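**Student:** Pasting in a structure now, in structure tokens, and then I'll have a few things to ask.
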Amino acid sequence: MADYFVGAKEYFPGIQKIKYEGPKSKNPLSFKYYDPDKVIGGKKMKDHLRFAIAYWHSFCGDGGDPFGPGTHVFPWSAGVNCKMEAANNKMDAAFEFFTKIGAEFWAFHDRDISPEGENPAESEKNLQTIVAKAKKLQGETGVKLLWGTANVFSHPRFMNGAATNPEFGVVALAATQVKAAIDATIELGGSGYTFWGGREGYMSLLNTDLKREKDNLGRFLIMARDYARKQGFKGVFYIEPKPMEPSKHQYDFDTETVIGFLRHYGLDKDFRMNIEANHAELAGHDFAHELETAAVSGFFGSVDANRGDPMNGWDTDQFPMSYYESAMAMYTILKIGGFKEGGLNFDSKIRRNSVDPADLFVAHIGGMDVFAVGLEIAQRMIDDGTISNFVKDRYASFTSGDGAKFSSGGLTLEQLADIGTKAGYGRTGFTSGKQEYLENVLNSYLLGL
Ligand code: XLS
Ligand code: CA
Ligand code: CA
């Protein structure tokens, strides 16, 4: 991968390629733990972690919030009147960032990278023009596309939803974007295509035909899948669960809900989960719960590696900071053999008042270091085996005798009750779960013991 900026202009001057300098380094623009080529459990860190940069936050999110306009000044659009020229510059800046930070993947929405035109045909032409540029930059830098998606939630026309909109005309307009974004993803060799349904939900049942909306969403996804497959897309489709915000009730509430939806509409062969830490929290779940739920059902796909603020109920999309969270996440991921097509996409944004160009680098460095540490801890958990052996022993009564018979479906309820009656009460059930002990064990891995 090239380690220099690739565009005509350098957008992050004074910042060199970020290098691993080790935990003792005081240089904020260096990795303390993420050492891309370090081998953990037989695989390089970079191949375990498959970091991706979220185009929308890093190059479009200007720090604006509902109470005030943006605070971040983007050198690629300052003083540029033509939207396409700004989009072009922004792509140069993005690839400069990808190569300097050393991320091998990126992810985008159609409207992040190219502006909407006067009509759908012009919008598509804009997208194709920028995609051609992105393809060239991918070729020059070796950076790859993790996934693409369409933004069918920001424009006011989508205020009542996209595929679940009560107006057919809006569903058709959503299709123009999704079709073009699928084409763009294929053109860029993306390994995934994501659907996040922010407005695929509702605010009030008083104006909502819930069954029709869900059926329409299922039908739309079937059409999108069939189109992409027809065009030769071999990658994975992702659904990204989120329980609320901006809708009150979102149909893709959490992993378990989405799995039920996918099975109901016959989409379970092609779709996997893109799990975001912050969305898990909004659903009242641990990040690891969502990952494990997807993993054990064969629906694990990719990850949006951010965090929320547990003190409020917003989607704050902050950079990850917790070694426990990253360790538990990587533990699940390692247990199922690691990422296949997916990766760790930083769907994270710097704060409104983080206005120095270096802040974007420092934020990503922190997130990458947190997952590097999490990976190391998870590998210790696996290598030592104390935790997995404990779990195995805890369920040992299902692996022989009547327990094994039960597990393989060899008992009726009468037979099961009969076994219970014969055994009697005694101390059955009073086996310690030893959570505190296991937490102490986890702490010792955290300290590298
Ligand atoms: C918003 C979502 C969104 C998806 C991609 O909350 O996280 O950014 O990841 O559309
Ligand atoms: Ca989010
Ligand atoms: Ca996300």
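Identifiers in this document derive from the order of the structure tokens: chains are assigned A, B, ..., residues are numbered from 1 separately in each chain, and ligands are numbered from 1 in order of occurrence.
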Can you list every residue of chain A that has an atom at most 8 Å from ligand 3, with its nearest atom pair and the distance in Å to one decimal, using only C-alpha atoms and all ligand atoms, ordered by chain then number, as a Markdown table?
**Tutor:**
| residue | atom | partner | partner_atom_place_in_ligand_line | distance |
| --- | --- | --- | --- | --- |
| A:Trp196 | CA | ligand 3 | 1 (Ca) | 7.5 |
| A:Glu240 | CA | ligand 3 | 1 (Ca) | 6.8 |
| A:Asn274 | CA | ligand 3 | 1 (Ca) | 7.8 |
| A:Ile275 | CA | ligand 3 | 1 (Ca) | 7.6 |
| A:Glu276 | CA | ligand 3 | 1 (Ca) | 5.4 |
| A:His279 | CA | ligand 3 | 1 (Ca) | 7.7 |
| A:Asp304 | CA | ligand 3 | 1 (Ca) | 5.3 |
| A:Asp347 | CA | ligand 3 | 1 (Ca) | 5.3 |
**Student:** How about saving the chosen residues, N, CA and C atoms kept, as a short mmCIF file (atom, residue, chain, number, x, y, z; two decimals), in the first residue's frame?
**Tutor:**
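Okay, this is what ended up in result_9.cif:
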data_model
loop_
_atom_site.label_atom_id
_atom_site.label_comp_id
_atom_site.auth_asym_id
_atom_site.auth_seq_id
_atom_site.Cartn_x
_atom_site.Cartn_y
_atom_site.Cartn_z
N TRP A 196 -29.12 0.01 5.95
CA TRP A 196 -29.49 0.50 7.29
C TRP A 196 -30.79 1.28 7.12
N GLU A 240 -28.17 -3.62 8.99
CA GLU A 240 -27.59 -3.04 10.20
C GLU A 240 -28.71 -2.71 11.18
N ASN A 274 -24.65 -6.45 10.00
CA ASN A 274 -23.60 -5.46 10.27
C ASN A 274 -23.96 -4.86 11.62
N ILE A 275 -23.20 -5.23 12.64
CA ILE A 275 -23.57 -4.85 14.00
C ILE A 275 -22.80 -3.62 14.46
N GLU A 276 -23.57 -2.63 14.90
CA GLU A 276 -22.93 -1.42 15.42
C GLU A 276 -23.03 -1.41 16.94
N HIS A 279 -25.63 1.01 18.35
CA HIS A 279 -27.01 0.58 18.14
C HIS A 279 -27.39 -0.53 19.11
N ASP A 304 -19.70 -2.19 12.88
CA ASP A 304 -19.45 -0.75 12.97
C ASP A 304 -18.90 -0.50 14.37
N ASP A 347 -17.60 3.49 12.34
CA ASP A 347 -18.73 4.40 12.13
C ASP A 347 -18.72 5.37 13.31
#
**Student:** Throw together the list of residues within 8 Å of ligand 1, counting only C-alpha atoms and all ligand atoms, and drop it here as a short mmCIF file (atom, residue, chain, number, x, y, z; two decimals) with all heavy atoms, in the first residue's frame.
**Tutor:**
data_model
loop_
_atom_site.label_atom_id
_atom_site.label_comp_id
_atom_site.auth_asym_id
_atom_site.auth_seq_id
_atom_site.Cartn_x
_atom_site.Cartn_y
_atom_site.Cartn_z
N TRP A 56 -18.67 8.93 5.52
CA TRP A 56 -19.64 9.95 5.92
C TRP A 56 -19.22 10.73 7.15
O TRP A 56 -19.35 11.96 7.19
CB TRP A 56 -21.04 9.34 6.10
CG TRP A 56 -21.15 8.16 7.00
CD1 TRP A 56 -21.65 8.12 8.26
CD2 TRP A 56 -20.79 6.80 6.68
NE1 TRP A 56 -21.62 6.84 8.76
CE2 TRP A 56 -21.09 6.01 7.81
CE3 TRP A 56 -20.23 6.17 5.56
CZ2 TRP A 56 -20.85 4.63 7.86
CZ3 TRP A 56 -20.00 4.80 5.60
CH2 TRP A 56 -20.31 4.05 6.74
N PHE A 108 -18.89 3.66 2.15
CA PHE A 108 -19.52 4.92 1.76
C PHE A 108 -21.01 4.79 1.48
O PHE A 108 -21.50 3.70 1.21
CB PHE A 108 -18.83 5.48 0.50
CG PHE A 108 -19.17 4.71 -0.76
CD1 PHE A 108 -20.25 5.07 -1.56
CD2 PHE A 108 -18.42 3.60 -1.14
CE1 PHE A 108 -20.58 4.35 -2.71
CE2 PHE A 108 -18.74 2.87 -2.28
CZ PHE A 108 -19.83 3.26 -3.07
N HIS A 109 -21.72 5.92 1.56
CA HIS A 109 -23.06 6.06 1.00
C HIS A 109 -22.91 6.79 -0.33
O HIS A 109 -22.02 7.63 -0.47
CB HIS A 109 -23.96 6.96 1.86
CG HIS A 109 -24.19 6.51 3.26
ND1 HIS A 109 -23.31 6.74 4.26
CD2 HIS A 109 -25.26 5.89 3.83
CE1 HIS A 109 -23.80 6.27 5.40
NE2 HIS A 109 -24.98 5.74 5.17
N THR A 149 -23.37 1.65 0.24
CA THR A 149 -24.77 1.73 0.61
C THR A 149 -25.38 2.99 -0.01
O THR A 149 -24.66 3.82 -0.57
CB THR A 149 -24.96 1.73 2.14
OG1 THR A 149 -26.34 1.62 2.45
CG2 THR A 149 -24.40 2.97 2.81
N ALA A 150 -26.69 3.09 0.06
CA ALA A 150 -27.37 4.27 -0.45
C ALA A 150 -27.96 5.06 0.72
O ALA A 150 -28.53 4.46 1.63
CB ALA A 150 -28.48 3.86 -1.41
N ASN A 151 -27.81 6.36 0.64
CA ASN A 151 -28.43 7.20 1.67
C ASN A 151 -29.87 7.50 1.22
O ASN A 151 -30.11 8.43 0.45
CB ASN A 151 -27.63 8.49 1.86
CG ASN A 151 -28.27 9.39 2.92
OD1 ASN A 151 -29.46 9.28 3.20
ND2 ASN A 151 -27.48 10.27 3.50
N THR A 194 -24.65 -2.74 2.19
CA THR A 194 -25.37 -2.60 3.47
C THR A 194 -26.71 -1.88 3.34
O THR A 194 -26.83 -0.94 2.56
CB THR A 194 -24.46 -1.81 4.46
OG1 THR A 194 -23.29 -2.59 4.71
CG2 THR A 194 -25.16 -1.54 5.78
N PHE A 195 -27.67 -2.37 4.11
CA PHE A 195 -28.94 -1.67 4.26
C PHE A 195 -29.10 -1.28 5.72
O PHE A 195 -29.13 -2.14 6.59
CB PHE A 195 -30.12 -2.59 3.89
CG PHE A 195 -30.20 -2.92 2.44
CD1 PHE A 195 -29.53 -4.04 1.93
CD2 PHE A 195 -30.93 -2.14 1.57
CE1 PHE A 195 -29.60 -4.35 0.59
CE2 PHE A 195 -31.01 -2.44 0.21
CZ PHE A 195 -30.34 -3.56 -0.27
N TRP A 196 -29.12 0.01 5.95
CA TRP A 196 -29.49 0.50 7.29
C TRP A 196 -30.79 1.28 7.12
O TRP A 196 -30.86 2.23 6.33
CB TRP A 196 -28.40 1.40 7.89
CG TRP A 196 -28.94 2.09 9.11
CD1 TRP A 196 -29.30 1.48 10.28
CD2 TRP A 196 -29.25 3.48 9.25
NE1 TRP A 196 -29.81 2.42 11.14
CE2 TRP A 196 -29.79 3.65 10.55
CE3 TRP A 196 -29.12 4.58 8.43
CZ2 TRP A 196 -30.20 4.88 11.03
CZ3 TRP A 196 -29.53 5.82 8.90
CH2 TRP A 196 -30.06 5.96 10.20
N GLY A 197 -31.81 0.88 7.84
CA GLY A 197 -33.14 1.45 7.60
C GLY A 197 -33.55 2.47 8.64
O GLY A 197 -34.50 2.26 9.39
N GLY A 198 -32.88 3.59 8.65
CA GLY A 198 -33.18 4.62 9.65
C GLY A 198 -34.61 5.10 9.65
O GLY A 198 -35.20 5.34 10.69
N GLU A 240 -28.17 -3.62 8.99
CA GLU A 240 -27.59 -3.04 10.20
C GLU A 240 -28.71 -2.71 11.18
O GLU A 240 -29.45 -1.74 11.00
CB GLU A 240 -26.82 -1.77 9.82
CG GLU A 240 -26.10 -1.17 11.02
CD GLU A 240 -25.31 0.07 10.63
OE1 GLU A 240 -24.73 0.10 9.53
OE2 GLU A 240 -25.29 1.01 11.43
N LYS A 242 -30.91 -1.35 14.24
CA LYS A 242 -30.94 -0.17 15.12
C LYS A 242 -32.38 -0.04 15.60
O LYS A 242 -33.30 -0.09 14.78
CB LYS A 242 -30.50 1.08 14.36
CG LYS A 242 -30.37 2.32 15.25
CD LYS A 242 -29.80 3.51 14.47
CE LYS A 242 -29.62 4.72 15.37
NZ LYS A 242 -29.10 5.90 14.67
N GLU A 245 -34.30 6.02 16.27
CA GLU A 245 -33.51 7.18 15.86
C GLU A 245 -33.02 7.02 14.42
O GLU A 245 -32.07 6.28 14.18
CB GLU A 245 -32.31 7.42 16.79
CG GLU A 245 -31.77 8.81 16.65
CD GLU A 245 -30.37 8.98 17.24
OE1 GLU A 245 -29.73 8.01 17.62
OE2 GLU A 245 -29.93 10.12 17.27
N GLU A 276 -23.57 -2.63 14.90
CA GLU A 276 -22.93 -1.42 15.42
C GLU A 276 -23.03 -1.41 16.94
O GLU A 276 -24.11 -1.61 17.51
CB GLU A 276 -23.60 -0.17 14.84
CG GLU A 276 -22.90 1.07 15.34
CD GLU A 276 -23.49 2.37 14.84
OE1 GLU A 276 -23.67 2.53 13.63
OE2 GLU A 276 -23.75 3.23 15.70
N HIS A 279 -25.63 1.01 18.35
CA HIS A 279 -27.01 0.58 18.14
C HIS A 279 -27.39 -0.53 19.11
O HIS A 279 -28.54 -0.61 19.57
CB HIS A 279 -27.21 0.10 16.70
CG HIS A 279 -26.97 1.18 15.67
ND1 HIS A 279 -27.09 0.96 14.32
CD2 HIS A 279 -26.60 2.48 15.82
CE1 HIS A 279 -26.82 2.09 13.67
NE2 HIS A 279 -26.51 3.01 14.56
N ASP A 304 -19.70 -2.19 12.88
CA ASP A 304 -19.45 -0.75 12.97
C ASP A 304 -18.90 -0.50 14.37
O ASP A 304 -19.63 -0.58 15.37
CB ASP A 304 -20.72 0.05 12.71
CG ASP A 304 -20.96 0.24 11.21
OD1 ASP A 304 -20.21 -0.36 10.41
OD2 ASP A 304 -21.90 0.97 10.83
N ASP A 315 -27.41 8.33 19.67
CA ASP A 315 -26.46 7.63 18.81
C ASP A 315 -25.26 8.57 18.64
O ASP A 315 -25.17 9.32 17.68
CB ASP A 315 -27.16 7.38 17.47
CG ASP A 315 -26.37 6.47 16.56
OD1 ASP A 315 -25.43 5.82 17.07
OD2 ASP A 315 -26.68 6.41 15.37
N ASP A 317 -22.08 7.90 18.29
CA ASP A 317 -21.05 7.45 17.34
C ASP A 317 -19.64 7.90 17.73
O ASP A 317 -18.91 8.51 16.94
CB ASP A 317 -21.37 7.95 15.91
CG ASP A 317 -22.53 7.19 15.29
OD1 ASP A 317 -22.84 6.07 15.72
OD2 ASP A 317 -23.15 7.74 14.35
N ASP A 347 -17.60 3.49 12.34
CA ASP A 347 -18.73 4.40 12.13
C ASP A 347 -18.72 5.37 13.31
O ASP A 347 -19.63 5.40 14.13
CB ASP A 347 -20.03 3.61 12.05
CG ASP A 347 -21.17 4.46 11.53
OD1 ASP A 347 -20.98 5.68 11.45
OD2 ASP A 347 -22.23 3.91 11.21
#
**Student:** Using only C-alpha atoms and all ligand atoms, which of A:Asp369, A:Asp309, A:Asp402, A:Glu187 sits nearest ligand 2?
**Tutor:**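 Ranking A:Asp369, A:Asp309, A:Asp402, A:Glu187 by distance to ligand 2, first place goes to A:Asp309.
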**Student:** May I ask for the distance between CA of Gly367 in chain A and CA of Pro115 in chain A, given in Å to one decimal place?
**Tutor:** 29.5 Å
**Student:** DSSP on the backbone, then: every residue of range 202-381 of chain A marked helix (DSSP H, G or I), written as number ranges by chain.
**Tutor:** A: 205-207, 210-230, 255-264, 277-282, 287-296, 323-335, 357-381
**Student:** So that I can check the secondary structure, give me every residue of range 26-117 of chain A assigned strand (DSSP E) by backbone DSSP, as a PyMOL selection string.
**Tutor:** chain A and resi 30-31+39-40+43-44+51-54+105-109
**Student:** Distance CA of Cys60 in chain A-CA of Trp147 in chain A, one decimal place?
**Tutor:**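 Value for the CA of Cys60 in chain A-CA of Trp147 in chain A distance: 17.2 Å.
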**Student:** Measuring between only C-alpha atoms, which one of A:Met223, A:Ile53, A:Met381, A:Ala404 shows the shortest distance to Ala305 in chain A?
**Tutor:**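 Residue with the minimum atom-to-atom distance to Ala305 in chain A: A:Ile53.
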**Student:** Report the distance between CA of Val143 in chain A and CA of Ala295 in chain A in Å, rounded to one decimal place.
**Tutor:**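 According to the coordinates, CA of Val143 in chain A and CA of Ala295 in chain A are separated by 27.1 Å.
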**Student:** Compare A:Gly201, A:Gly70, A:Pro241, A:Gly192 by their minimum atom-to-atom distance to ligand 2, counting only C-alpha atoms and all ligand atoms, and give me the closest one.
**Tutor:**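 Selected residue with least distance to ligand 2: A:Pro241.
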